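File shown: work39.txt (compact mmCIF, C-alpha atoms and all ligand atoms).
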# COMPACT_ATOMS: atom_id res chain seq x y z
CA MET A 1 6.65 7.22 115.40
CA ARG A 2 8.32 7.78 112.05
CA GLN A 3 9.85 4.67 110.52
CA LEU A 4 13.52 4.80 109.60
CA ILE A 5 14.04 4.85 105.82
CA LEU A 6 17.28 4.03 104.06
CA ALA A 7 17.30 4.56 100.29
CA ALA A 8 19.97 3.55 97.80
CA ASN A 9 20.25 5.96 94.89
CA TRP A 10 22.25 4.09 92.29
CA LYS A 11 22.17 7.05 89.89
CA MET A 12 23.41 6.01 86.42
CA HIS A 13 25.16 2.90 87.71
CA LYS A 14 24.50 -0.78 87.14
CA THR A 15 23.30 -2.75 84.15
CA VAL A 16 20.61 -5.38 84.73
CA ASP A 17 23.38 -7.96 85.18
CA ASP A 18 25.12 -5.79 87.78
CA ALA A 19 21.87 -5.16 89.65
CA GLU A 20 21.05 -8.86 89.79
CA PHE A 21 24.57 -9.68 90.94
CA PHE A 22 24.30 -7.05 93.70
CA LEU A 23 20.97 -8.33 94.96
CA LYS A 24 22.02 -11.95 95.01
CA ARG A 25 25.12 -11.08 97.04
CA PHE A 26 23.16 -8.73 99.27
CA MET A 27 20.52 -11.34 100.05
CA GLU A 28 22.97 -14.15 100.77
CA GLU A 29 22.92 -13.36 104.46
CA PRO A 30 19.85 -11.29 105.26
CA SER A 31 20.25 -9.52 108.57
CA GLY A 32 19.23 -6.56 110.63
CA ILE A 33 16.54 -5.02 108.50
CA THR A 34 13.58 -5.13 110.81
CA GLY A 35 12.06 -1.76 111.67
CA LEU A 36 13.76 -0.22 108.68
CA GLU A 37 12.29 0.60 105.30
CA LEU A 38 14.87 -0.23 102.67
CA VAL A 39 14.42 1.29 99.22
CA PHE A 40 16.46 0.49 96.12
CA CYS A 41 16.41 3.13 93.38
CA PRO A 42 18.14 1.58 90.36
CA PRO A 43 18.14 3.03 86.84
CA PHE A 44 14.82 2.59 84.98
CA THR A 45 16.15 -0.35 82.97
CA ALA A 46 16.75 -2.44 86.10
CA LEU A 47 13.39 -1.75 87.75
CA TYR A 48 11.49 -4.65 86.22
CA PRO A 49 14.08 -7.38 86.82
CA MET A 50 14.67 -6.09 90.34
CA ALA A 51 10.94 -6.10 91.02
CA GLN A 52 10.93 -9.83 90.25
CA LEU A 53 13.94 -10.51 92.46
CA ILE A 54 12.67 -8.65 95.52
CA LYS A 55 9.10 -9.99 95.39
CA GLU A 56 9.54 -12.19 98.43
CA THR A 57 11.64 -9.70 100.39
CA PRO A 58 10.78 -6.69 102.56
CA PHE A 59 12.73 -4.38 100.21
CA VAL A 60 10.91 -1.81 98.12
CA LEU A 61 11.67 -0.16 94.82
CA GLY A 62 12.10 3.49 93.95
CA ALA A 63 12.68 5.31 90.66
CA GLN A 64 15.05 8.23 90.24
CA ASN A 65 12.74 10.55 88.30
CA MET A 66 9.49 10.62 86.34
CA HIS A 67 7.28 12.85 84.22
CA TRP A 68 4.15 14.26 85.85
CA GLU A 69 1.71 13.23 83.11
CA LYS A 70 0.16 9.80 82.89
CA GLU A 71 0.93 9.51 79.16
CA GLY A 72 1.50 11.70 76.13
CA ALA A 73 3.90 12.91 73.46
CA TYR A 74 6.93 13.30 75.74
CA THR A 75 9.74 11.45 74.00
CA GLY A 76 12.17 9.82 76.38
CA GLU A 77 10.05 10.24 79.50
CA ILE A 78 8.60 7.70 81.94
CA SER A 79 5.19 8.20 83.53
CA PRO A 80 4.00 7.56 87.10
CA LEU A 81 1.58 4.96 85.77
CA MET A 82 4.45 3.05 84.15
CA LEU A 83 6.38 3.08 87.42
CA ARG A 84 3.43 1.94 89.44
CA GLU A 85 2.80 -0.93 87.06
CA LEU A 86 6.25 -2.27 87.94
CA GLY A 87 5.54 -2.14 91.65
CA VAL A 88 7.61 0.99 92.25
CA ARG A 89 6.67 2.66 95.55
CA TYR A 90 9.03 5.64 95.82
CA VAL A 91 10.31 8.20 93.37
CA ILE A 92 13.25 10.54 93.89
CA LEU A 93 12.30 14.02 92.69
CA GLY A 94 14.27 17.24 92.33
CA HIS A 95 17.68 15.69 92.91
CA SER A 96 20.35 18.38 92.64
CA GLU A 97 21.94 16.51 89.72
CA ARG A 98 18.68 16.82 87.81
CA ARG A 99 18.34 20.48 88.74
CA ARG A 100 21.92 21.18 87.72
CA PHE A 101 22.62 18.98 84.69
CA PHE A 102 19.12 18.80 83.23
CA ARG A 103 17.88 22.26 84.18
CA GLU A 104 14.90 20.88 86.01
CA GLN A 105 12.73 23.79 87.05
CA PRO A 106 10.93 24.30 90.37
CA GLN A 107 7.47 24.30 88.69
CA GLU A 108 8.22 20.91 87.11
CA ILE A 109 9.33 19.48 90.44
CA SER A 110 6.12 20.71 92.04
CA LEU A 111 4.02 19.06 89.30
CA LYS A 112 5.98 15.84 89.75
CA VAL A 113 5.47 15.79 93.53
CA ALA A 114 1.71 16.34 93.13
CA SER A 115 1.53 13.71 90.41
CA ALA A 116 3.40 11.18 92.56
CA PHE A 117 0.75 11.62 95.27
CA ASN A 118 -2.03 11.27 92.68
CA PHE A 119 -0.61 8.01 91.39
CA GLY A 120 0.07 6.49 94.78
CA LEU A 121 3.86 6.92 94.65
CA ASN A 122 5.80 8.25 97.63
CA PRO A 123 7.99 11.22 96.69
CA ILE A 124 11.53 11.52 98.01
CA LEU A 125 11.94 15.23 97.45
CA CYS A 126 15.57 16.37 97.41
CA ILE A 127 16.55 19.84 98.54
CA GLY A 128 19.88 21.34 99.55
CA GLU A 129 22.10 24.37 99.32
CA THR A 130 25.30 24.79 97.31
CA GLU A 131 28.64 25.50 98.94
CA GLU A 132 28.40 29.15 97.90
CA GLU A 133 24.90 29.52 99.32
CA ARG A 134 26.05 28.07 102.64
CA ARG A 135 29.13 30.31 102.73
CA GLN A 136 26.94 33.36 102.22
CA GLY A 137 24.64 32.32 105.06
CA HIS A 138 21.70 31.57 102.76
CA THR A 139 21.10 27.95 103.74
CA GLU A 140 17.81 28.54 105.54
CA LYS A 141 16.47 30.81 102.80
CA VAL A 142 17.35 28.28 100.09
CA LEU A 143 15.85 25.29 101.92
CA CYS A 144 12.60 27.15 102.60
CA ARG A 145 12.38 28.40 99.02
CA GLN A 146 12.94 24.92 97.59
CA LEU A 147 10.30 23.44 99.90
CA ARG A 148 7.80 26.18 99.10
CA GLU A 149 8.33 25.74 95.35
CA ALA A 150 8.27 21.94 95.33
CA LEU A 151 5.16 21.66 97.50
CA ALA A 152 3.24 24.46 95.77
CA ASP A 153 0.84 21.99 94.14
CA SER A 154 0.59 19.69 97.18
CA LEU A 155 -0.29 21.99 100.06
CA HIS A 156 -3.69 20.32 100.42
CA ILE A 157 -2.32 16.83 101.18
CA ASP A 158 -3.87 15.11 104.18
CA LYS A 159 -1.93 13.56 107.05
CA GLU A 160 -1.95 10.13 105.43
CA HIS A 161 -0.24 11.53 102.31
CA ALA A 162 2.13 13.64 104.39
CA SER A 163 3.31 10.47 106.11
CA LYS A 164 4.33 9.15 102.68
CA LEU A 165 6.43 12.18 101.83
CA VAL A 166 10.17 12.01 102.40
CA ILE A 167 12.36 15.10 102.26
CA ALA A 168 16.00 14.35 101.53
CA TYR A 169 18.28 17.09 102.78
CA GLU A 170 21.24 16.80 100.46
CA PRO A 171 23.70 19.69 100.64
CA VAL A 172 25.12 19.88 97.12
CA TRP A 173 28.68 20.29 98.42
CA ALA A 174 28.48 16.99 100.29
CA ILE A 175 27.33 14.85 97.37
CA GLY A 176 29.99 12.51 96.05
CA THR A 177 32.78 14.55 97.65
CA GLY A 178 33.54 12.42 100.70
CA LEU A 179 32.88 15.58 102.74
CA ALA A 180 29.68 14.79 104.59
CA ALA A 181 27.95 17.52 106.57
CA SER A 182 28.58 17.43 110.30
CA GLY A 183 25.82 16.00 112.46
CA LYS A 184 25.34 19.52 113.84
CA ASP A 185 24.84 21.13 110.40
CA ALA A 186 22.56 18.35 109.19
CA GLY A 187 20.53 18.46 112.41
CA GLU A 188 20.10 22.23 112.14
CA ALA A 189 19.01 21.94 108.53
CA ALA A 190 16.52 19.17 109.36
CA ALA A 191 15.06 21.29 112.17
CA ILE A 192 14.68 24.23 109.75
CA ILE A 193 12.96 21.91 107.28
CA ARG A 194 10.52 20.52 109.82
CA SER A 195 9.62 23.89 111.23
CA TYR A 196 9.08 25.35 107.75
CA LEU A 197 6.92 22.34 106.83
CA ALA A 198 4.80 23.18 109.87
CA GLU A 199 4.38 26.70 108.50
CA LEU A 200 3.57 25.54 104.98
CA LEU A 201 1.24 22.71 106.01
CA ASP A 202 0.65 22.52 109.76
CA LYS A 203 2.37 21.02 112.79
CA GLU A 204 0.51 17.76 112.69
CA ARG A 205 1.37 16.97 109.08
CA ALA A 206 4.95 18.24 109.47
CA ALA A 207 5.44 15.82 112.36
CA VAL A 208 4.80 12.74 110.22
CA ILE A 209 7.00 13.70 107.25
CA ARG A 210 10.29 11.84 107.21
CA ILE A 211 13.54 13.68 106.64
CA GLN A 212 16.65 11.95 105.32
CA TYR A 213 20.19 13.20 105.17
CA GLY A 214 22.16 12.53 101.98
CA GLY A 215 25.74 13.36 100.95
CA SER A 216 28.77 11.11 101.44
CA VAL A 217 26.97 8.88 103.93
CA ASN A 218 28.93 5.78 104.96
CA SER A 219 28.91 3.26 107.77
CA ASP A 220 31.27 5.44 109.86
CA ASN A 221 29.09 8.55 109.81
CA ILE A 222 25.49 7.35 109.37
CA LEU A 223 24.82 7.27 113.11
CA ASP A 224 25.83 10.95 113.37
CA PHE A 225 22.71 11.70 111.31
CA VAL A 226 20.06 9.16 112.13
CA SER A 227 20.54 9.58 115.88
CA LEU A 228 19.27 13.17 115.55
CA PRO A 229 15.65 13.90 116.49
CA ASP A 230 14.59 15.31 113.11
CA ILE A 231 16.46 12.87 110.85
CA ASP A 232 14.71 9.63 109.98
CA GLY A 233 17.11 7.99 107.58
CA ALA A 234 19.56 8.49 104.75
CA LEU A 235 19.69 8.71 100.98
CA VAL A 236 22.89 7.00 99.97
CA GLY A 237 24.80 7.17 96.69
CA GLY A 238 28.34 5.77 96.53
CA ALA A 239 28.17 3.59 99.65
CA SER A 240 25.08 1.79 98.30
CA LEU A 241 26.81 0.49 95.19
CA LYS A 242 28.59 -2.46 96.78
CA PRO A 243 26.67 -5.13 98.70
CA GLY A 244 29.33 -5.15 101.44
CA SER A 245 29.40 -1.40 102.10
CA PHE A 246 25.61 -1.15 101.97
CA LYS A 247 25.29 -4.05 104.40
CA GLU A 248 27.65 -2.27 106.77
CA LEU A 249 25.35 0.75 106.79
CA ILE A 250 22.44 -1.46 107.74
CA LEU A 251 24.41 -3.17 110.47
CA ALA A 252 25.35 0.26 111.86
CA LEU A 253 21.65 1.21 111.94
CA ASP A 254 20.83 -2.06 113.60
CA ARG A 255 23.37 -1.34 116.34
CA LEU A 256 21.68 2.01 116.93
CA ARG A 257 18.26 0.39 117.24
CA ARG A 258 19.54 -2.12 119.75
CA SER A 259 21.37 0.45 121.89
P1 LIG A 301 26.82 10.15 97.71
O1 LIG A 301 26.35 9.28 98.84
O2 LIG A 301 27.60 9.41 96.68
O3 LIG A 301 27.48 11.40 98.20
O4 LIG A 301 25.49 10.62 96.92
C1 LIG A 301 24.46 11.20 97.63
C2 LIG A 301 23.30 11.37 96.75
O5 LIG A 301 23.29 12.19 95.86
C3 LIG A 301 22.14 10.48 96.99
O6 LIG A 301 21.02 10.94 96.27
Output the file's structure as structure tokens, nothing else.
Ligand code: 13P
Amino acid sequence: MRQLILAANWKMHKTVDDAEFFLKRFMEEPSGITGLELVFCPPFTALYPMAQLIKETPFVLGAQNMHWEKEGAYTGEISPLMLRELGVRYVILGHSERRRFFREQPQEISLKVASAFNFGLNPILCIGETEEERRQGHTEKVLCRQLREALADSLHIDKEHASKLVIAYEPVWAIGTGLAASGKDAGEAAAIIRSYLAELLDKERAAVIRIQYGGSVNSDNILDFVSLPDIDGALVGGASLKPGSFKELILALDRLRRS
């Protein structure tokens, strides 16, 4: 059984003050989070203070990027060791915004994924096609290529490590646009991802990898995705920024679990 995983990607939002304010509001009335792994991915600067605030809670922390080396002359970078020291458990890698705005290359993403495993961090590997790629019918080709490239240095992982890997299917055209994929499109993409993972690794390891959908997820549409057999959660941007809207997502998931 794969555990449901909901991750909040705050991107470049929230100062330390804002993050603390959010968490205090969010924790005022804890509810409905059993059976769900809840990951907060704030900016680097808020990781340490948030780690202190969530110590006694079931929430876990994720970072939004990292370098693959443990240390070195890499001005401006953050290493996996530094993240682990703060109690970070997950790290988002290969987000389309990093690929697009920071020219992150497939080989770098592959090194980062392998390094995350080496340092005991769970990678949330983002893949997804652009609008143009989908229109031209290249979605499957793009998803398989991105998986092949990003896992090139991690093909040897055992089942235990595979169960820590999360693939976030985030169609680029659905991110921040309010135009989420349909349940049908997301379900088809997730099925493609799982069957290609079985080719790359094997069926047994592919079966334990969790797949999230990301892209304009909100409390009205989240059940369209997480009720699908191959989708095990969501990676949420905009709707995770306010305690109220994020709580609503969790309540929606809770209703699904109870039904
Ligand atoms: P939105 O939920 O704002 O579309 O962002 C999705 C995303 O990029 C999460 O990583």
For this session: Could you report the residues within 10 Å of ligand LIG 301 (chain A), using all atoms listed in the file, as JSON, numbers by chain?
Result: {"A": [7, 8, 9, 10, 11, 41, 64, 92, 93, 95, 96, 97, 124, 126, 168, 169, 170, 171, 172, 173, 174, 175, 176, 177, 178, 179, 180, 213, 214, 215, 216, 217, 218, 234, 235, 236, 237, 238, 239, 240, 241]}
For this session: Would you mind listing what lies within 12 Å of segment 134-136 of chain A as a VMD selection string, with only C-alpha atoms counted and same-chain residues fewer than 4 positions away left out?
Result: chain A and resid 128 to 130 140 to 143 171 to 174 181 185 189
Which centre and which edge lengths, in Å to one decimal, describe the axis-aligned box that holds all listed atoms of segment 212-229 of chain A after 3 Å is added on each side, as AutoDock Vina command-line options?
--center_x 23.5 --center_y 8.6 --center_z 108.7 --size_x 21.6 --size_y 16.6 --size_z 21.5
Problem set entry | Interatomic distance (Å, one decimal) between atom CA of Ile231 of chain A and atom CA of Glu131 of chain A |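 Going from atom CA of Ile231 of chain A over to atom CA of Glu131 of chain A, I get 21.2 Å.
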For this session: May I ask which of the residues A:Leu38, A:Gln105, A:Gly62, A:Thr15 is the closest one to Leu249 of chain A, counting only C-alpha atoms?
Result: A:Leu38
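The gap separating atom CA of Val60 of chain A from atom CA of Met27 of chain A is 13.7 Å, in Å to one decimal.
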For this session: Please provide as JSON, numbers by chain all residues within 12 Å of segment 80-85 of chain A, with the sequence filter that same-chain residues fewer than 2 positions apart are discarded (counting all atoms listed in the file).
Result: {"A": [41, 43, 44, 45, 46, 47, 48, 51, 61, 62, 63, 64, 65, 66, 67, 68, 69, 70, 71, 72, 77, 78, 87, 88, 89, 90, 91, 92, 93, 111, 112, 113, 114, 115, 116, 117, 118, 119, 120, 121, 122, 123]}
For this session: Counting only C-alpha atoms, figure out which residue out of A:Ile211, A:Ala190, A:Leu200, A:Ala19 gets nearest to Pro243 of chain A.
Result: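 Among the listed residues, A:Ala19 lies closest to Pro243 of chain A.
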For this session: May I ask for the distance between atom CA of Ala206 of chain A and atom CA of Arg194 of chain A, given in Å to one decimal place?
Result: 6.0 Å
Problem set entry | Spatial neighbours of segment 219-226 of chain A, 9 Å, all atoms listed in the file, chain gap at least 6 places, as a list of chain:residue names |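 In the requested format, the answer is A:Leu4, A:Ala180, A:Ser182, A:Gly183, A:Lys184, A:Ala186, A:Gly187, A:Gln212, A:Tyr213, A:Asp232, A:Gly233, A:Ala234, A:Ala239, A:Ser245, A:Phe246, A:Lys247, A:Glu248, A:Leu249, A:Ile250, A:Leu251, A:Ala252, A:Leu253, A:Leu256.
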Exercise. Given the choices A:Tyr74, A:Phe102, A:Phe40, A:Tyr196, which gets closest to Arg148 of chain A if the distance is worked out from all atoms listed in the file?
Worked result: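 Among A:Tyr74, A:Phe102, A:Phe40, A:Tyr196, it is A:Tyr196 that comes nearest to Arg148 of chain A.
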Exercise. Within 8 Å of Glu37 of chain A, counting only C-alpha atoms, which residues qualify if same-chain residues fewer than 5 places away don't, as a ChimeraX atom specification?
Worked result: /A:3-6,58-60
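Residue nearest Leu228 of chain A, chosen from A:Arg258, A:Lys14, A:His161, A:Glu188 and counting all atoms listed in the file: A:Glu188.
Of the residues under consideration (A:Leu125, A:Cys144, A:Leu23, A:Val39), A:Cys144 shows the shortest atom-to-atom contact distance to Ile192 of chain A when counting only C-alpha atoms.
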For this session: Could you give me, as a PyMOL selection string, the residues that sit within 7 Å of (6.3, 7.3, 110.4) in the file's coordinates, counting only C-alpha atoms?
Result: chain A and resi 1-3+163+208+210
Could you write those residues out with C-alpha atoms, as a PDB file, in the frame of the given file?
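Output saved as again31.pdb:
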ATOM      1  CA  MET A   1       6.650   7.220 115.400  1.00  0.00           C
ATOM      2  CA  ARG A   2       8.320   7.780 112.050  1.00  0.00           C
ATOM      3  CA  GLN A   3       9.850   4.670 110.520  1.00  0.00           C
ATOM      4  CA  SER A 163       3.310  10.470 106.110  1.00  0.00           C
ATOM      5  CA  VAL A 208       4.800  12.740 110.220  1.00  0.00           C
ATOM      6  CA  ARG A 210      10.290  11.840 107.210  1.00  0.00           C
TER       7      ARG A 210
END
